[in-house]
Amino acid sequence: MTTTGYIGRRLLQIVPVMLFVVTVTFVLINSIPGDPVRILVGPAADAAAIEAARAKYGLDQPLYVRYVRYLAAVATGDFGTSIHYGGVAVTEKIFERLPVTLLLLASSFTLAIGTAIPLGIFAAKNRNNGYDHLARVTSLIGVSTPSFWVGLLLIIVFAYYGDLLPPSGLIMPWADPASVDGATSRLDVLVTAASHLILPSITLGTLQMAAITRIERSSMLEVLNKDYVQLARAYGVSERTILRRQAFKNAQLPVLTVIGIQMTTALGGAVLTETVFNINGMGNLIITAVRAQDYQLIMGTTIFFAIVFVLGVLVVDVLYAVIDPRISYGGGSGE
Amino acid sequence: MVPVSDSTAAVGDSARTGGVADADERSAVSRSSQVLRQLNRNSASRVGLYVIGLVTLVALLTTIDADLFDYQFAATFWYHPENDPAGSTILLPPVGIENSFGTGSWAHPLGTDHRGRDILVRLVYGTRIAVQVGLIATGIGMTIGTVVGAVSGYYGGWVDDVLQRFVESLYAIPFLILVIAIMSAFGRELGIAIVGVSITTIPVFTRLIRSQVLSVREMEYVEAAKAAGVRDRHIIFRHIIPNSFAPVLVQSTLQVGVNILIVASLSFLGFGVQPPTPSWGQMLAHSRQYMIVNPWFSIWPGLAILATVIGFNLLGDGLRDAIDPRSND
């Protein structure tokens, strides 16, 4: 099968997956006890006002009608309107918050990958000596720590005691200087944005860093023990060249898989990080939506997360095939 | 279904004793004693076993005898702060340390929280939630995931397609959001939390087992069993699942740690088991407002989570090394 054929088949598989996602989400959300309309109109509203609001959001219809309607709407990219945010389209709200979360994810992954890969290689190169043990213990702690606790500790140390970095909020680097406190120039905005980004990125990135370090180390060790590497050593090729030329590239496939898995868990991690640092991103949006019982908003954000995830997995699988030509496009679903 | 529930019990046991109990095959027995010996030689996994043993013991003792420590004092005053017992002091630091509320004493070795409750006692009661959800949810998720994965991989075809798409869709919804939605829909109780976390655990084992089955399926003894007319169910439960047992055991041990982190995250966000029942994540959530005056309140529950999860990770890594000596991780 050709690459395009493979991508096409995988895109087709997304359809049933998303159908399951929409159904599961719809059923779950509609099982939440309580009446979102009552929350919206307040306790003082009379019966007529409640009925009017119910009809306005289509909540007066039976469940299966709402399901079919919702499915049809989602298929055309319409996620409905948010009750909590006064009738704003769910998609509008999502795209308003998305850049914040993307910025956070990008910066935490840059941090995680940038430190984990050198650390993992270094540990593998110095197997079983002090550096290796240090790297192993650090990454063990990293995968075992609750990320939100890391956030709390960072706030205590760097924001309250050290008074070095801000404890909350996030500022976009492209924000208008007039809208940022104490900023007079573009540079000020950039500096402020960076200072706000450091603690949340470490908080979100710790787990990823630890997980990637572990897989990078073990994957490098495996490759370094392969026959062809031993042979290269026997021929007198320097360790440096072996690492660069042969070992590194061949060790990256499992690493890529782990990075892919981490990207998906990072979406969930963003919920926690945004809560700890009071950042108004997608994670915070979804928590607000659940607290306010804003059905459309919960479903919309969840389905949006799922789409991002499914497409992300597809990209990783295709990259996989590009890196490793041995992988055929024919077999199972990406295994 | 018998072999499957057996293997669940074996994982539960091994989490406590470190044993790898397996089916009646003689080779498996000698192999598991070999794995045990390997584990015992590895000091890191011994530490893991001690931590798990301690935490499980504490959870068991406090479950058997709820009043082992002053549970009333640990839990009840949440709704009535004005009922605080005379002489209680809020936000005390640990022994020997001083803050604006006073000096820590042995009466409250780790200090007190914002309601004057002893932090150590609340940590002790918090182990129940962590251990119960961690072990039970992993057990349920592993059992269902294993069966689904085995069926999916063994039959292939449209069965595999449908099951795989369903599992992918469970994967696609961020696990925290999925559990939060389940708990919002069906209640913020311990039982629902366990069900929610088990559901997020299913895909992990389905994937693992399915890839194992795809390789085992082609083995000669499976072909032979098929040719001899052995029923599919028998092949799946008697041959395929027991043969994939080692990686499942390793993954379950690691997964308990992951699930403890999920429960803590849930409680931290306020979607876990509701107060006044003490849980580690909820303690961390409460501590957020008092980080400046008494940072210790934020430090202890995090350390408890960290230590417990490290215990399961050390044991899981040790098991993997013992089962597959070639692995370097």
# chains A, B, ... in the order shown; residues from 1 in each chain; ligands from 1
$ interface_residues --of "chain A" --to "chain B" --cutoff "7 Å" --atoms "only C-alpha atoms" --output "PDB file with C-alpha atoms, in the first residue's frame"
ATOM      1  CA  PRO A  16     -15.941   5.276  13.842  1.00  0.00           C
ATOM      2  CA  VAL A  17     -13.589   6.322  16.655  1.00  0.00           C
ATOM      3  CA  MET A  18     -15.091   9.812  16.724  1.00  0.00           C
ATOM      4  CA  PHE A  20     -17.812   6.308  19.675  1.00  0.00           C
ATOM      5  CA  VAL A  21     -16.309   9.378  21.356  1.00  0.00           C
ATOM      6  CA  LEU A  28     -22.197  10.515  30.058  1.00  0.00           C
ATOM      7  CA  ILE A  29     -22.882  14.237  30.013  1.00  0.00           C
ATOM      8  CA  SER A  31     -26.501  11.409  32.782  1.00  0.00           C
ATOM      9  CA  ILE A  32     -25.241  14.253  34.973  1.00  0.00           C
ATOM     10  CA  PRO A  33     -27.997  14.959  37.475  1.00  0.00           C
ATOM     11  CA  ILE A 141      11.112  10.630  40.932  1.00  0.00           C
ATOM     12  CA  SER A 144       6.263   9.229  40.348  1.00  0.00           C
ATOM     13  CA  THR A 145       5.520  12.827  41.330  1.00  0.00           C
ATOM     14  CA  PRO A 146       2.052  14.334  41.028  1.00  0.00           C
ATOM     15  CA  TRP A 149       2.439  19.069  43.639  1.00  0.00           C
ATOM     16  CA  ILE A 156       6.309  28.150  47.351  1.00  0.00           C
ATOM     17  CA  TYR A 160       6.628  33.244  47.613  1.00  0.00           C
ATOM     18  CA  ARG A 214      13.988   6.622  30.740  1.00  0.00           C
ATOM     19  CA  SER A 218      17.180   2.137  27.648  1.00  0.00           C
ATOM     20  CA  LEU A 221      21.688   0.994  25.687  1.00  0.00           C
ATOM     21  CA  THR A 265      -1.306  12.557  28.674  1.00  0.00           C
ATOM     22  CA  LEU A 267      -3.549  17.271  27.468  1.00  0.00           C
ATOM     23  CA  GLY A 268      -4.863  15.880  30.760  1.00  0.00           C
ATOM     24  CA  THR A 302     -13.934  16.813  25.102  1.00  0.00           C
ATOM     25  CA  PHE A 305      -9.469  17.094  22.636  1.00  0.00           C
ATOM     26  CA  ALA A 306     -10.282  13.709  21.116  1.00  0.00           C
ATOM     27  CA  PHE A 309      -5.505  13.254  19.973  1.00  0.00           C
ATOM     28  CA  VAL A 310      -6.585  11.064  17.074  1.00  0.00           C
TER      29      VAL A 310
END
$ residues_around --residues "range 93-109 of chain B" --least-positions-apart "2" --cutoff "8 Å" --atoms "only C-alpha atoms" --output "list in words"
Thr89, Ile90, Leu91, Gly111, Thr112, Asp118, Ile119, Leu120, Val293, Asn294, Trp296 and Phe297 of chain B
$ residues_around --residues "Val255 in chain A" --least-positions-apart "3" --cutoff "10 Å" --atoms "only C-alpha atoms" --output "PyMOL selection string"
chain A and resi 117+211-220+251-252+258-261
$ closest_residue --among "A:Phe304, A:Tyr67, A:Phe277, A:Phe248" --to "Gly120 in chain A" --atoms "only C-alpha atoms"
A:Phe248
$ decode --residues "range 283-304 of chain A" --atoms "C-alpha atoms" --output "PDB file, in the first residue's frame"
ATOM      1  CA  GLY A 283      -7.972  22.786  30.738  1.00  0.00           C
ATOM      2  CA  ASN A 284      -9.463  25.526  32.844  1.00  0.00           C
ATOM      3  CA  LEU A 285     -12.280  25.896  30.324  1.00  0.00           C
ATOM      4  CA  ILE A 286     -13.282  22.260  30.664  1.00  0.00           C
ATOM      5  CA  ILE A 287     -13.228  22.382  34.483  1.00  0.00           C
ATOM      6  CA  THR A 288     -15.341  25.557  34.433  1.00  0.00           C
ATOM      7  CA  ALA A 289     -17.734  23.829  32.058  1.00  0.00           C
ATOM      8  CA  VAL A 290     -18.117  20.801  34.350  1.00  0.00           C
ATOM      9  CA  ARG A 291     -18.660  22.989  37.438  1.00  0.00           C
ATOM     10  CA  ALA A 292     -21.295  25.054  35.605  1.00  0.00           C
ATOM     11  CA  GLN A 293     -22.913  21.931  34.077  1.00  0.00           C
ATOM     12  CA  ASP A 294     -22.531  23.554  30.684  1.00  0.00           C
ATOM     13  CA  TYR A 295     -23.331  20.409  28.638  1.00  0.00           C
ATOM     14  CA  GLN A 296     -22.504  21.752  25.185  1.00  0.00           C
ATOM     15  CA  LEU A 297     -19.222  23.209  26.360  1.00  0.00           C
ATOM     16  CA  ILE A 298     -18.136  19.984  28.132  1.00  0.00           C
ATOM     17  CA  MET A 299     -18.992  17.893  25.081  1.00  0.00           C
ATOM     18  CA  GLY A 300     -17.418  20.338  22.659  1.00  0.00           C
ATOM     19  CA  THR A 301     -14.103  20.582  24.515  1.00  0.00           C
ATOM     20  CA  THR A 302     -13.934  16.813  25.102  1.00  0.00           C
ATOM     21  CA  ILE A 303     -14.620  16.012  21.465  1.00  0.00           C
ATOM     22  CA  PHE A 304     -12.139  18.657  20.382  1.00  0.00           C
TER      23      PHE A 304
END
